[in-house]
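Containing mmCIF, C-alpha atoms: model-v6.cif.
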```
data_query
#
loop_
_atom_site.label_atom_id
_atom_site.label_comp_id
_atom_site.auth_asym_id
_atom_site.auth_seq_id
_atom_site.Cartn_x
_atom_site.Cartn_y
_atom_site.Cartn_z
CA MET A 1 0.00 0.00 0.00
CA LYS A 2 2.82 2.42 0.86
CA LYS A 3 4.49 1.74 -2.49
CA ALA A 4 1.29 2.59 -4.40
CA ILE A 5 0.91 5.86 -2.52
CA LYS A 6 4.46 6.91 -3.42
CA ILE A 7 3.87 6.22 -7.12
CA ARG A 8 0.72 8.32 -7.14
CA LEU A 9 2.38 11.25 -5.40
CA LEU A 10 5.47 11.34 -7.60
CA PRO A 11 4.01 13.33 -10.52
CA VAL A 12 2.62 15.96 -8.12
CA MET A 13 5.93 16.14 -6.30
CA LEU A 14 7.79 16.68 -9.58
CA ILE A 15 5.43 19.47 -10.61
CA CYS A 16 5.89 21.15 -7.22
CA ILE A 17 9.66 21.05 -7.61
CA ILE A 18 9.70 22.33 -11.20
CA CYS A 19 6.99 24.97 -11.03
CA PRO A 20 5.71 25.69 -7.51
CA PRO A 21 4.14 29.09 -8.46
CA LEU A 22 1.81 27.28 -10.88
CA LEU A 23 0.30 25.09 -8.18
CA ARG A 24 -0.01 27.95 -5.71
CA ALA A 25 -1.88 30.09 -8.23
CA GLN A 26 -4.12 27.44 -9.74
CA GLU A 27 -4.49 23.67 -9.69
CA LEU A 28 -4.21 22.04 -13.09
CA PHE A 29 -7.77 20.75 -12.87
CA GLN A 30 -9.29 24.17 -12.09
CA MET A 31 -10.72 26.44 -14.81
CA PRO A 32 -10.43 30.17 -14.06
CA ALA A 33 -13.52 32.24 -14.75
CA GLY A 34 -13.50 34.74 -17.60
CA THR A 35 -10.35 33.34 -19.22
CA GLU A 36 -9.93 32.57 -22.93
CA SER A 37 -7.05 30.73 -24.63
CA ARG A 38 -5.48 32.13 -27.79
CA VAL A 39 -2.38 31.65 -29.97
CA SER A 40 -0.94 34.20 -32.38
CA SER A 41 0.97 32.89 -35.40
CA PHE A 42 1.22 33.70 -39.09
CA GLU A 43 -1.69 31.29 -39.57
CA ASN A 44 -3.85 33.47 -37.29
CA LEU A 45 -2.29 36.74 -36.18
CA ASN A 46 -3.53 37.83 -32.75
CA GLY A 47 -5.39 34.55 -32.27
CA LEU A 48 -8.72 35.79 -33.59
CA LYS A 49 -11.74 33.65 -32.75
CA GLY A 50 -12.45 31.12 -35.53
CA ARG A 51 -9.96 32.73 -37.95
CA GLY A 52 -7.14 30.16 -38.01
CA GLY A 53 -5.91 28.46 -41.19
CA ILE A 54 -7.68 30.66 -43.74
CA THR A 55 -4.98 30.59 -46.42
CA ASN A 56 -4.67 27.63 -48.82
CA LYS A 57 -8.02 26.29 -47.64
CA GLY A 58 -6.52 25.38 -44.27
CA ALA A 59 -3.75 23.18 -45.73
CA LYS A 60 -0.66 24.78 -44.15
CA GLY A 61 -0.73 27.94 -46.18
CA ASN A 62 1.10 30.46 -44.00
CA ALA A 63 3.29 28.66 -41.47
CA TYR A 64 6.14 31.13 -41.89
CA GLU A 65 7.02 34.48 -43.45
CA SER A 66 10.21 36.27 -44.46
CA ILE A 67 11.52 39.47 -42.92
CA LYS A 68 13.54 41.55 -45.34
CA SER A 69 16.51 43.61 -44.24
CA GLY A 70 15.17 46.69 -42.45
CA GLU A 71 11.62 45.29 -42.25
CA SER A 72 9.51 44.85 -39.11
CA LYS A 73 6.81 42.28 -38.42
CA THR A 74 4.12 42.71 -35.77
CA LEU A 75 3.71 39.33 -34.10
CA LEU A 76 1.04 40.36 -31.60
CA ASP A 77 -1.21 43.41 -31.22
CA ILE A 78 -4.25 42.91 -28.99
CA PRO A 79 -6.43 45.42 -27.07
CA ALA A 80 -7.30 43.34 -24.03
CA ALA A 81 -6.15 42.30 -20.57
CA GLY A 82 -4.27 39.04 -20.47
CA THR A 83 -1.03 37.15 -19.97
CA ILE A 84 1.46 35.78 -22.46
CA ARG A 85 2.20 32.21 -21.35
CA ARG A 86 4.69 30.92 -23.91
CA ILE A 87 6.64 32.18 -26.91
CA TRP A 88 8.18 29.81 -29.47
CA CYS A 89 10.02 30.57 -32.68
CA THR A 90 12.50 29.13 -35.12
CA LEU A 91 14.22 30.62 -38.15
CA ASP A 92 16.30 29.40 -41.07
CA ASP A 93 19.30 31.65 -40.27
CA ARG A 94 20.53 31.06 -36.72
CA SER A 95 23.96 32.58 -37.20
CA PRO A 96 25.32 34.80 -34.40
CA GLY A 97 25.13 37.83 -36.68
CA MET A 98 21.45 37.30 -37.45
CA LEU A 99 20.47 36.42 -33.88
CA ARG A 100 22.12 39.63 -32.65
CA SER A 101 20.63 41.73 -35.50
CA LEU A 102 17.00 40.68 -34.98
CA ARG A 103 15.51 43.20 -32.54
CA LEU A 104 12.65 42.04 -30.31
CA ARG A 105 10.43 44.68 -28.70
CA MET A 106 7.41 44.25 -26.41
CA TYR A 107 5.01 47.02 -25.39
CA TRP A 108 2.43 46.87 -22.60
CA ASP A 109 -0.77 48.91 -22.15
CA GLY A 110 -0.24 51.31 -25.05
CA SER A 111 3.17 52.54 -23.93
CA SER A 112 5.31 54.19 -26.58
CA LYS A 113 8.52 52.83 -25.03
CA PRO A 114 9.12 49.06 -25.07
CA ALA A 115 9.46 47.15 -21.82
CA VAL A 116 11.51 44.55 -23.69
CA ASP A 117 14.14 45.75 -26.17
CA VAL A 118 16.71 43.03 -26.84
CA PRO A 119 18.41 40.93 -29.53
CA LEU A 120 16.27 37.90 -30.33
CA GLY A 121 18.90 35.24 -29.72
CA ASP A 122 20.14 36.64 -26.44
CA PHE A 123 16.58 37.00 -25.15
CA PHE A 124 16.00 33.27 -25.60
CA GLY A 125 19.21 32.31 -23.82
CA ALA A 126 21.54 32.07 -26.82
CA GLY A 127 24.38 33.98 -25.17
CA LEU A 128 26.88 35.44 -27.65
CA GLY A 129 24.40 34.52 -30.38
CA ARG A 130 25.38 30.84 -30.09
CA PRO A 131 22.27 28.61 -29.94
CA VAL A 132 22.83 25.26 -28.25
CA ALA A 133 20.43 22.66 -26.90
CA PHE A 134 19.50 23.27 -23.25
CA GLN A 135 16.56 23.20 -20.85
CA SER A 136 15.80 25.54 -17.96
CA ALA A 137 12.72 26.64 -16.05
CA LEU A 138 12.25 29.79 -18.15
CA PHE A 139 13.83 29.03 -21.53
CA THR A 140 14.50 25.94 -23.61
CA ASN A 141 16.15 25.11 -26.91
CA PRO A 142 15.31 21.42 -27.38
CA GLU A 143 17.76 20.58 -30.18
CA GLY A 144 19.62 23.82 -30.75
CA ARG A 145 17.23 24.81 -33.56
CA SER A 146 14.32 26.53 -31.82
CA PHE A 147 13.60 28.96 -28.99
CA ASN A 148 11.01 28.73 -26.19
CA CYS A 149 10.17 31.17 -23.39
CA TYR A 150 7.80 30.31 -20.51
CA ILE A 151 7.93 33.56 -18.54
CA PRO A 152 4.41 34.86 -17.70
CA MET A 153 3.98 38.37 -19.14
CA PRO A 154 0.76 40.02 -17.89
CA PHE A 155 -0.83 43.23 -19.16
CA ARG A 156 -3.94 45.24 -18.22
CA LYS A 157 -5.05 46.87 -21.46
CA SER A 158 -2.98 45.78 -24.45
CA ALA A 159 0.11 43.97 -25.70
CA ARG A 160 2.20 44.53 -28.81
CA ILE A 161 5.26 42.54 -29.96
CA ILE A 162 7.42 43.61 -32.91
CA LEU A 163 10.41 41.88 -34.52
CA THR A 164 12.73 43.96 -36.72
CA ASN A 165 15.47 42.69 -39.02
CA GLU A 166 18.33 45.16 -38.52
CA SER A 167 20.85 43.04 -40.42
CA THR A 168 21.98 43.60 -44.00
CA LYS A 169 20.51 40.24 -45.06
CA ASP A 170 16.94 39.08 -45.60
CA LEU A 171 15.60 36.44 -43.22
CA ASN A 172 13.85 33.90 -45.43
CA ALA A 173 11.78 32.03 -42.86
CA LEU A 174 10.43 32.89 -39.41
CA PHE A 175 8.01 30.54 -37.66
CA PHE A 176 6.44 31.57 -34.35
CA ASP A 177 3.70 30.95 -31.79
CA ILE A 178 2.71 33.32 -28.99
CA ASP A 179 0.41 31.51 -26.55
CA PHE A 180 -1.66 33.80 -24.33
CA THR A 181 -4.81 33.98 -22.27
CA THR A 182 -7.20 36.90 -22.02
CA VAL A 183 -8.91 37.85 -18.76
CA VAL A 184 -11.53 40.34 -17.60
CA THR A 185 -9.14 42.07 -15.20
CA GLN A 186 -5.70 41.63 -13.66
CA PRO A 187 -4.96 41.68 -9.90
CA LYS A 188 -3.90 44.99 -8.33
CA ASP A 189 -0.45 43.70 -7.40
CA MET A 190 0.40 42.67 -10.98
CA LEU A 191 3.91 43.51 -12.19
CA TYR A 192 5.01 44.04 -15.81
CA PHE A 193 7.73 41.96 -17.44
CA HIS A 194 10.85 43.76 -18.69
CA ALA A 195 14.13 42.73 -20.32
CA CYS A 196 17.19 44.69 -21.37
CA TRP A 197 20.49 43.90 -23.09
CA ASN A 198 23.83 45.48 -22.28
CA ARG A 199 27.44 45.09 -23.42
CA SER A 200 30.88 46.30 -22.33
CA THR A 201 33.82 45.58 -24.60
CA HIS A 202 36.88 47.53 -23.40
CA SER A 203 36.43 49.02 -19.95
CA ALA A 204 39.36 49.92 -17.74
CA PRO A 205 40.48 47.28 -15.21
CA GLY A 206 38.64 47.86 -11.95
CA ASN A 207 35.32 48.75 -13.58
CA ASP A 208 32.43 46.36 -12.99
CA PHE A 209 30.11 45.26 -15.80
CA GLU A 210 26.56 46.44 -15.10
CA PHE A 211 24.34 43.73 -16.52
CA LEU A 212 21.30 45.62 -15.25
CA PRO A 213 21.84 49.38 -14.93
CA SER A 214 19.95 51.21 -12.21
CA VAL A 215 16.21 50.82 -12.73
CA SER A 216 13.64 52.81 -10.78
CA GLY A 217 10.45 51.37 -9.33
CA ARG A 218 9.18 48.45 -7.29
CA GLY A 219 9.68 44.95 -8.59
CA ARG A 220 11.55 41.69 -8.77
CA PHE A 221 14.84 40.80 -10.43
CA LEU A 222 14.17 37.57 -12.29
CA GLY A 223 17.64 36.66 -13.54
CA VAL A 224 20.23 37.03 -16.27
CA ASN A 225 21.94 35.21 -19.09
CA MET A 226 25.45 36.41 -19.78
CA GLY A 227 28.18 35.95 -22.37
CA VAL A 228 31.92 36.56 -22.13
CA ASN A 229 34.43 36.86 -24.97
CA VAL A 230 37.68 36.38 -23.07
CA ASP A 231 40.48 38.72 -24.17
CA SER A 232 43.40 36.68 -25.50
CA VAL A 233 45.97 39.16 -24.11
CA TYR A 234 45.51 37.48 -20.71
CA GLY A 235 46.86 34.19 -22.02
CA ASN A 236 45.60 31.06 -20.30
CA THR A 237 44.63 32.77 -17.05
CA TRP A 238 41.11 32.28 -15.70
CA TRP A 239 38.57 35.07 -16.27
CA GLY A 240 35.80 34.14 -13.81
CA GLU A 241 36.73 35.32 -10.31
CA GLY A 242 34.43 38.37 -10.35
CA GLU A 243 31.72 38.67 -7.71
CA VAL A 244 28.09 39.50 -8.54
CA LYS A 245 26.80 42.54 -6.66
CA MET A 246 23.14 43.60 -6.32
CA TYR A 247 22.26 47.06 -5.10
CA LEU A 248 18.83 47.23 -3.47
CA ASP A 249 16.87 50.46 -3.01
CA LYS A 250 19.09 52.97 -1.15
CA ASP A 251 22.35 51.04 -1.59
CA SER A 252 25.04 53.30 -3.01
CA LEU A 253 28.73 52.42 -2.60
CA ARG A 254 28.19 48.94 -1.14
CA PRO A 255 25.61 46.36 -2.23
CA THR A 256 23.30 44.38 0.02
CA ILE A 257 23.77 41.17 -1.98
CA ASN A 258 27.37 40.16 -2.73
CA GLY A 259 28.45 36.90 -4.36
CA THR A 260 31.77 35.06 -4.22
CA GLY A 261 32.69 34.41 -7.88
CA SER A 262 31.37 34.11 -11.42
CA GLU A 263 31.07 30.32 -11.50
CA ASP A 264 29.79 30.36 -7.92
CA TYR A 265 26.88 32.56 -8.98
CA ILE A 266 25.58 29.84 -11.31
CA GLY A 267 25.97 27.13 -8.69
CA THR A 268 29.20 25.46 -9.77
CA GLY A 269 32.80 25.96 -8.63
CA TYR A 270 36.52 25.74 -9.37
CA GLY A 271 36.01 26.45 -13.05
CA GLU A 272 33.04 26.40 -15.40
CA GLY A 273 32.00 23.69 -17.85
CA THR A 274 28.75 23.14 -19.71
CA PHE A 275 25.65 22.04 -17.80
CA SER A 276 21.93 22.75 -17.93
CA ASP A 277 19.75 22.98 -14.80
CA LEU A 278 16.35 24.51 -14.08
CA TYR A 279 17.60 27.74 -12.59
CA GLN A 280 21.31 27.86 -13.47
CA GLY A 281 23.57 26.62 -16.20
CA CYS A 282 26.40 27.19 -18.65
CA ASN A 283 25.48 26.70 -22.31
CA VAL A 284 28.89 27.56 -23.78
CA ALA A 285 32.31 26.86 -22.25
CA ASP A 286 34.66 26.94 -25.24
CA GLY A 287 38.33 27.13 -24.34
CA LYS A 288 39.43 27.27 -27.98
CA THR A 289 37.39 30.35 -28.86
CA ARG A 290 37.59 31.69 -25.28
CA GLN A 291 33.80 32.05 -25.12
CA TYR A 292 31.48 31.41 -22.17
CA ALA A 293 27.70 31.81 -21.89
CA PHE A 294 25.76 31.08 -18.71
CA TYR A 295 22.52 31.86 -16.85
CA ARG A 296 21.01 32.17 -13.37
CA TYR A 297 17.26 32.57 -12.67
CA HIS A 298 16.07 33.64 -9.22
CA ILE A 299 12.89 31.57 -8.99
CA PRO A 300 13.21 29.70 -5.66
CA ASP A 301 15.36 32.57 -4.29
CA PRO A 302 13.46 35.76 -5.23
CA ILE A 303 15.20 39.14 -5.36
CA TYR A 304 12.71 41.92 -4.52
CA PHE A 305 13.31 45.68 -4.56
CA HIS A 306 11.06 48.57 -3.51
CA SER A 307 12.42 51.73 -5.14
CA ARG A 308 15.56 50.99 -7.16
CA PHE A 309 17.77 48.12 -8.32
CA ARG A 310 20.98 47.54 -10.22
CA ALA A 311 23.24 44.53 -10.67
CA ALA A 312 26.86 44.17 -11.73
CA ILE A 313 29.68 41.65 -11.93
CA GLN A 314 33.32 42.39 -11.27
CA GLN A 315 35.79 41.81 -14.11
CA ILE A 316 38.30 39.79 -12.12
CA GLY A 317 40.37 36.80 -13.19
CA GLY A 318 43.13 34.72 -11.70
CA GLY A 319 46.27 32.78 -12.43
CA ASP A 320 49.64 31.73 -11.10
CA ALA A 321 51.50 34.70 -9.67
CA ASN A 322 54.45 34.14 -12.03
CA GLU A 323 52.18 34.32 -15.07
CA VAL A 324 50.38 37.41 -13.78
CA ARG A 325 53.73 39.13 -13.17
CA ALA A 326 54.82 38.31 -16.73
CA LEU A 327 51.60 39.72 -18.16
CA ARG A 328 51.96 42.90 -16.15
CA ALA A 329 55.60 43.30 -17.22
CA SER A 330 54.59 43.01 -20.87
CA GLY A 331 52.12 45.88 -20.50
CA VAL A 332 48.85 43.90 -20.28
CA PRO A 333 46.29 46.03 -18.39
CA LEU A 334 45.60 44.45 -14.99
CA ILE A 335 45.49 45.29 -11.30
CA PRO A 336 46.45 42.61 -8.71
CA VAL A 337 43.75 42.04 -6.09
CA SER A 338 44.74 39.17 -3.80
CA VAL A 339 47.02 36.17 -3.48
CA SER A 340 46.08 32.72 -2.13
CA THR A 341 48.59 30.22 -0.71
CA ASP A 342 47.92 28.63 2.65
CA HIS A 343 46.21 31.91 3.52
CA LEU A 344 44.68 34.86 1.68
CA THR A 345 46.61 38.11 1.27
CA ARG A 346 44.39 41.08 0.46
CA LEU A 347 46.64 43.32 -1.61
CA PHE A 348 44.56 46.47 -1.19
CA GLU A 349 44.95 46.08 2.57
CA SER A 350 48.71 45.36 2.42
CA PRO A 351 50.84 48.53 2.23
CA GLY A 352 53.13 48.59 -0.80
CA SER A 353 52.02 45.23 -2.21
CA GLN A 354 50.31 46.85 -5.22
CA GLN A 355 53.63 48.35 -6.26
CA ASP A 356 55.82 45.30 -5.52
CA ILE A 357 54.42 41.86 -6.37
CA SER A 358 57.81 40.42 -7.33
CA THR A 359 58.07 38.06 -4.37
CA LEU A 360 54.45 36.90 -4.15
CA LYS A 361 53.65 33.26 -4.85
CA GLY A 362 50.45 31.26 -5.31
CA TRP A 363 47.17 32.02 -7.05
CA MET A 364 46.77 35.71 -7.84
CA ASN A 365 43.41 37.35 -8.55
CA PHE A 366 43.48 40.53 -10.62
CA TYR A 367 41.23 43.11 -12.24
CA ARG A 368 41.12 42.72 -16.02
CA SER A 369 38.96 43.72 -18.99
CA ASP A 370 36.99 41.26 -21.14
CA ASP A 371 34.01 41.56 -23.49
CA TYR A 372 30.80 41.06 -21.46
CA SER A 373 27.21 41.05 -22.70
CA ALA A 374 24.01 40.16 -20.88
CA THR A 375 20.25 40.02 -21.05
CA ALA A 376 18.63 40.83 -17.70
CA TYR A 377 15.00 39.96 -16.88
CA PHE A 378 12.87 41.64 -14.25
CA TYR A 379 9.34 42.60 -13.25
CA LEU A 380 8.41 46.23 -12.55
CA ASP A 381 5.33 48.01 -11.24
CA ARG A 382 5.04 50.04 -14.46
CA PRO A 383 4.96 49.25 -18.20
CA GLU A 384 7.97 51.49 -18.95
CA SER A 385 11.40 51.79 -17.34
CA ASN A 386 14.04 54.51 -17.23
CA LEU A 387 16.57 52.34 -19.12
CA PRO A 388 17.95 53.44 -22.51
CA GLU A 389 16.95 51.81 -25.79
CA LEU A 390 18.84 48.88 -27.25
CA ALA A 391 22.36 49.57 -28.56
CA GLY A 392 22.76 49.83 -32.32
CA VAL A 393 23.29 46.72 -34.41
CA SER A 394 26.97 47.51 -35.04
CA GLU A 395 27.63 47.52 -31.29
CA ARG A 396 25.71 44.26 -30.86
CA VAL A 397 27.50 42.24 -33.56
CA LYS A 398 31.08 43.53 -33.47
#
```

Please express the file's structure as C-alpha cells.
Amino acid sequence: MKKAIKIRLLPVMLICIICPPLLRAQELFQMPAGTESRVSSFENLNGLKGRGGITNKGAKGNAYESIKSGESKTLLDIPAAGTIRRIWCTLDDRSPGMLRSLRLRMYWDGSSKPAVDVPLGDFFGAGLGRPVAFQSALFTNPEGRSFNCYIPMPFRKSARIILTNESTKDLNALFFDIDFTTVVTQPKDMLYFHACWNRSTHSAPGNDFEFLPSVSGRGRFLGVNMGVNVDSVYGNTWWGEGEVKMYLDKDSLRPTINGTGSEDYIGTGYGEGTFSDLYQGCNVADGKTRQYAFYRYHIPDPIYFHSRFRAAIQQIGGGDANEVRALRASGVPLIPVSVSTDHLTRLFESPGSQQDISTLKGWMNFYRSDDYSATAYFYLDRPESNLPELAGVSERVK
C-alpha cells in the first residue's frame, strides 16, 4: 500500500519542484472564470476567434514568413487584458550575426517605449548569439534549432510585440507561436515583465560590468543570461573570479547582496564547464574560442526591490602569480587584487604590495577587462522603465 501511494504522489511532487508558483496560483484541474485561450501565429495573427488556417483552404498555407533587411513584423497586437504564457520561434538563419541583429520589442498597455528591447537570440538564452540545446525553467532550446520562453507576461489593457530585421541580409523564414490567455481584469499587485540587453567591450580594469543598470520602481529581479568573450591578451589565465553585486533600493557604494565568484553565482565551482539545470547553467564553455555563456534565474530565491535596483559583476580573473607578473611586465592592463597560498593576502589592505608583487607566490586574482554582454530579466510596477533603448546593431554584432 505504501508503495502505491508513493507512485501516485510522484508526478505531483515533480510538478511542485519544477513549477511551484503554478500550483499555488491554480491547480491544473481548475478552470479560471473569464479566461480565454489564444495563440498568435502567421496562420492566425492575434489569435482571432475562428480565424485560423484561412490561407490555402486550411492546408498549411502560412506557417512562416520572411523578414527583409530593415523590415519589421508585428507578431502580436491585442487590445485586451491578459497574460502571455509561452513564446516559441524558429528561423532558417541562426547565425550569431542574425540572432544579434534581430531586434525584439514588447510594449504593454499602449506605452510608446518598449518594456523589452533586446536581440532575439540573447533574449531566448543564446548567449553570444550561439544557440545550443538546453533546458531551464524559463527558456529551452530542445535541439539547438528553436527557442522557447515560458515567462508569464501580464498586461492590463494591451500587448504589442514587434520583430525587426536590422541586419543587411533578408531572413527567409520565421516561424512563431505566442500563446496567451485573455482575462476580464488583472490583480492589483500585478507587475510588468521587462528585459534589457547590455554590453561592455573595453572598460578599464577595476570597472564592474553592469548587466542591469539602475532601474527605478518596485519589482523583482528575475535573472540574467550572460556571455563573455575572453580577451586573448591574458593568455591562459582564468577570467571568472568576479563577484556579482546587487544594489537594493538605497544602496550606493556597497551592495546588500554580494556573491563570491562568477562560476559560484551559477551554482558550480573551481572552473566552469557546460551544464543545464532549471535555474542555473552554462550553455557555452569553449576554451578554444575563449567564449562562455551562462545563466542564473532567481525563482526559488526571489530578489525583490522597492524603489531601485541595479546589478553588476566584477571583471576579475586569476592565475599563477608568475604568469600574472609576466603579463603585467609586458604591459597587459591588470590590477592585482589578492594572493592565495595557505592563507589569503588582500593586496589592497597590504601597504606597498600593489607596487611590488615580485616576491608573491600562489594564485593571484586581478582586475582585467573582457568583453561582457548580458540580457537581464525583471518585473516592474510600471509598463515602462528609465533604461535606454537597445544599442545599435553595429555595437551588438562587433

**Request:** Name the residues that the PyMOL selection byres ((chain A and resi 194-200) around 9) picks from the file above, as number ranges by chain, using the file's chain letters and numbers.
**Result:** A: 106, 114-119, 122-123, 153, 192-193, 201-203, 209-213, 370-380, 383-385, 387-391, 395-396

**Asked** Leaving out A:Val339 and any residue of its chain fewer than 6 positions from it, which residues lie within 10 Å of it when counting only C-alpha atoms, given as a list in words?
**Response**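 In the requested form, the answer reads Gly318, Gly319, Asp320, Ala321, Thr345, Arg346, Leu347, Ile357, Leu360, Lys361, Gly362, Trp363, Met364, Asn365 and Phe366 of chain A.
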
**Item:** Test item: which residues lie within 7 Å of (2.8, 30.8, -27.7) counting only C-alpha atoms, as an NGL selection string
**Value:** :A and (39-40 or 85-88 or 177-180)

So that I can check the surroundings of stretch 253-260 of chain A, please list as a tab-separated table (two decimals) with C-alpha atoms, in the frame of the given file every protein, DNA and RNA residue that reaches within 10 Å of it, counting only C-alpha atoms and ignoring chain neighbours fewer than 2 positions away.
```tsv
chain	number	residue	atom	x	y	z
A	241	GLU	CA	36.73	35.32	-10.31
A	242	GLY	CA	34.43	38.37	-10.35
A	243	GLU	CA	31.72	38.67	-7.71
A	244	VAL	CA	28.09	39.50	-8.54
A	245	LYS	CA	26.80	42.54	-6.66
A	246	MET	CA	23.14	43.60	-6.32
A	247	TYR	CA	22.26	47.06	-5.10
A	248	LEU	CA	18.83	47.23	-3.47
A	249	ASP	CA	16.87	50.46	-3.01
A	250	LYS	CA	19.09	52.97	-1.15
A	251	ASP	CA	22.35	51.04	-1.59
A	262	SER	CA	31.37	34.11	-11.42
A	263	GLU	CA	31.07	30.32	-11.50
A	264	ASP	CA	29.79	30.36	-7.92
A	265	TYR	CA	26.88	32.56	-8.98
A	303	ILE	CA	15.20	39.14	-5.36
A	310	ARG	CA	20.98	47.54	-10.22
A	311	ALA	CA	23.24	44.53	-10.67
A	312	ALA	CA	26.86	44.17	-11.73
A	313	ILE	CA	29.68	41.65	-11.93
```

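Atom pair atom CA of A:Asp170 / atom CA of A:Ser66: separated by 7.4 Å.
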
**Request:** Could you please determine the separation between atom CA of A:His298 and atom CA of A:Phe139 in Å, to one decimal place?
**Result:**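 Rounded to one decimal, the two atoms are 13.3 Å apart.
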
**Request:** Between atom CA of A:Ser101 and atom CA of A:Thr274, measure the distance and give it in Å to one decimal.
**Result:**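 Straight-line distance from atom CA of A:Ser101 to atom CA of A:Thr274 works out to 25.7 Å.
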
Which residues of stretch 221-240 of chain A sit at most 10 Å from stretch 276-287 of chain A, using all atoms listed in the file? Give each one's shortest atom pair and distance in Å (one decimal place), in chain and ascending residue order, as CSV.
```
residue,atom,partner,partner_atom,distance
A:Gly223,CA,A:Tyr279,CA,9.0
A:Val224,CA,A:Gln280,CA,9.6
A:Asn225,CA,A:Cys282,CA,9.2
A:Met226,CA,A:Cys282,CA,9.3
A:Gly227,CA,A:Val284,CA,8.5
A:Val228,CA,A:Val284,CA,9.6
A:Asn229,CA,A:Asp286,CA,9.9
A:Val230,CA,A:Gly287,CA,9.4
A:Asn236,CA,A:Gly287,CA,9.2
```

**Which of A:Cys149, A:Asn322, A:Ala126, A:Gln135 sits closest to A:Tyr292 [using only C-alpha atoms]** =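 That would be A:Ala126, the residue with the smallest distance to A:Tyr292.
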
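Remark: for A:Arg290, the closest of the candidate residues A:Trp239, A:Tyr64, A:Phe124, A:Phe275 is A:Trp239 (distances computed over only C-alpha atoms).
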
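If you count only C-alpha atoms and ignore residues fewer than 3 places along the chain from A:Gly110, what sits within 8 Å of it is Tyr107, Lys157, Ser158 and Ala159 of chain A.
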
Selection file, C-alpha atoms, as a PDB file, in the coordinates of the input:
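This is the output file selection19.pdb:
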```pdb
ATOM      1  CA  TYR A 107       5.010  47.020 -25.390  1.00  0.00           C
ATOM      2  CA  LYS A 157      -5.050  46.870 -21.460  1.00  0.00           C
ATOM      3  CA  SER A 158      -2.980  45.780 -24.450  1.00  0.00           C
ATOM      4  CA  ALA A 159       0.110  43.970 -25.700  1.00  0.00           C
TER       5      ALA A 159
END
```

**Prompt:** Which is closest to A:Ile161 among A:Thr74, A:Ser330, A:Thr341, A:Ser350, if we use only C-alpha atoms?
**Reply:** A:Thr74

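Minimum atom-to-atom distance to A:Leu191, evaluated using all atoms listed in the file, belongs to A:Arg220 out of A:Arg160, A:Arg220, A:Val397, A:Phe176.
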
**Message:** Measuring between all atoms listed in the file, which one of A:Leu344, A:Ile335, A:Leu48, A:Leu174 shows the shortest distance to A:Leu91?
**Reply:**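 That would be A:Leu174, the residue with the smallest distance to A:Leu91.
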
**Request:** Mind checking which residues fall within 12 Å of A:Gly82, counting only C-alpha atoms, ignoring those fewer than 6 positions away in the same chain, and posting them as a PyMOL selection string?
**Result:** chain A and resi 34-38+108-109+152-160+179-187+190+192

Pull C-alpha atoms for stretch 93-120 of chain A from the block and write them as an mmCIF file, in the first residue's frame.
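What ended up in out.cif:
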```cif
data_model
loop_
_atom_site.group_PDB
_atom_site.id
_atom_site.type_symbol
_atom_site.label_atom_id
_atom_site.label_comp_id
_atom_site.auth_asym_id
_atom_site.auth_seq_id
_atom_site.Cartn_x
_atom_site.Cartn_y
_atom_site.Cartn_z
ATOM 1 C CA ASP A 93 19.299 31.646 -40.267
ATOM 2 C CA ARG A 94 20.535 31.065 -36.723
ATOM 3 C CA SER A 95 23.964 32.579 -37.196
ATOM 4 C CA PRO A 96 25.323 34.804 -34.397
ATOM 5 C CA GLY A 97 25.127 37.830 -36.679
ATOM 6 C CA MET A 98 21.450 37.298 -37.451
ATOM 7 C CA LEU A 99 20.465 36.421 -33.877
ATOM 8 C CA ARG A 100 22.116 39.633 -32.650
ATOM 9 C CA SER A 101 20.630 41.725 -35.495
ATOM 10 C CA LEU A 102 17.004 40.683 -34.982
ATOM 11 C CA ARG A 103 15.513 43.205 -32.542
ATOM 12 C CA LEU A 104 12.654 42.044 -30.310
ATOM 13 C CA ARG A 105 10.433 44.677 -28.704
ATOM 14 C CA MET A 106 7.414 44.252 -26.407
ATOM 15 C CA TYR A 107 5.010 47.016 -25.391
ATOM 16 C CA TRP A 108 2.429 46.874 -22.602
ATOM 17 C CA ASP A 109 -0.770 48.912 -22.146
ATOM 18 C CA GLY A 110 -0.241 51.311 -25.047
ATOM 19 C CA SER A 111 3.167 52.543 -23.926
ATOM 20 C CA SER A 112 5.314 54.195 -26.575
ATOM 21 C CA LYS A 113 8.523 52.826 -25.031
ATOM 22 C CA PRO A 114 9.119 49.055 -25.075
ATOM 23 C CA ALA A 115 9.464 47.149 -21.816
ATOM 24 C CA VAL A 116 11.506 44.545 -23.693
ATOM 25 C CA ASP A 117 14.139 45.747 -26.174
ATOM 26 C CA VAL A 118 16.714 43.027 -26.842
ATOM 27 C CA PRO A 119 18.409 40.930 -29.535
ATOM 28 C CA LEU A 120 16.265 37.905 -30.326
#
```
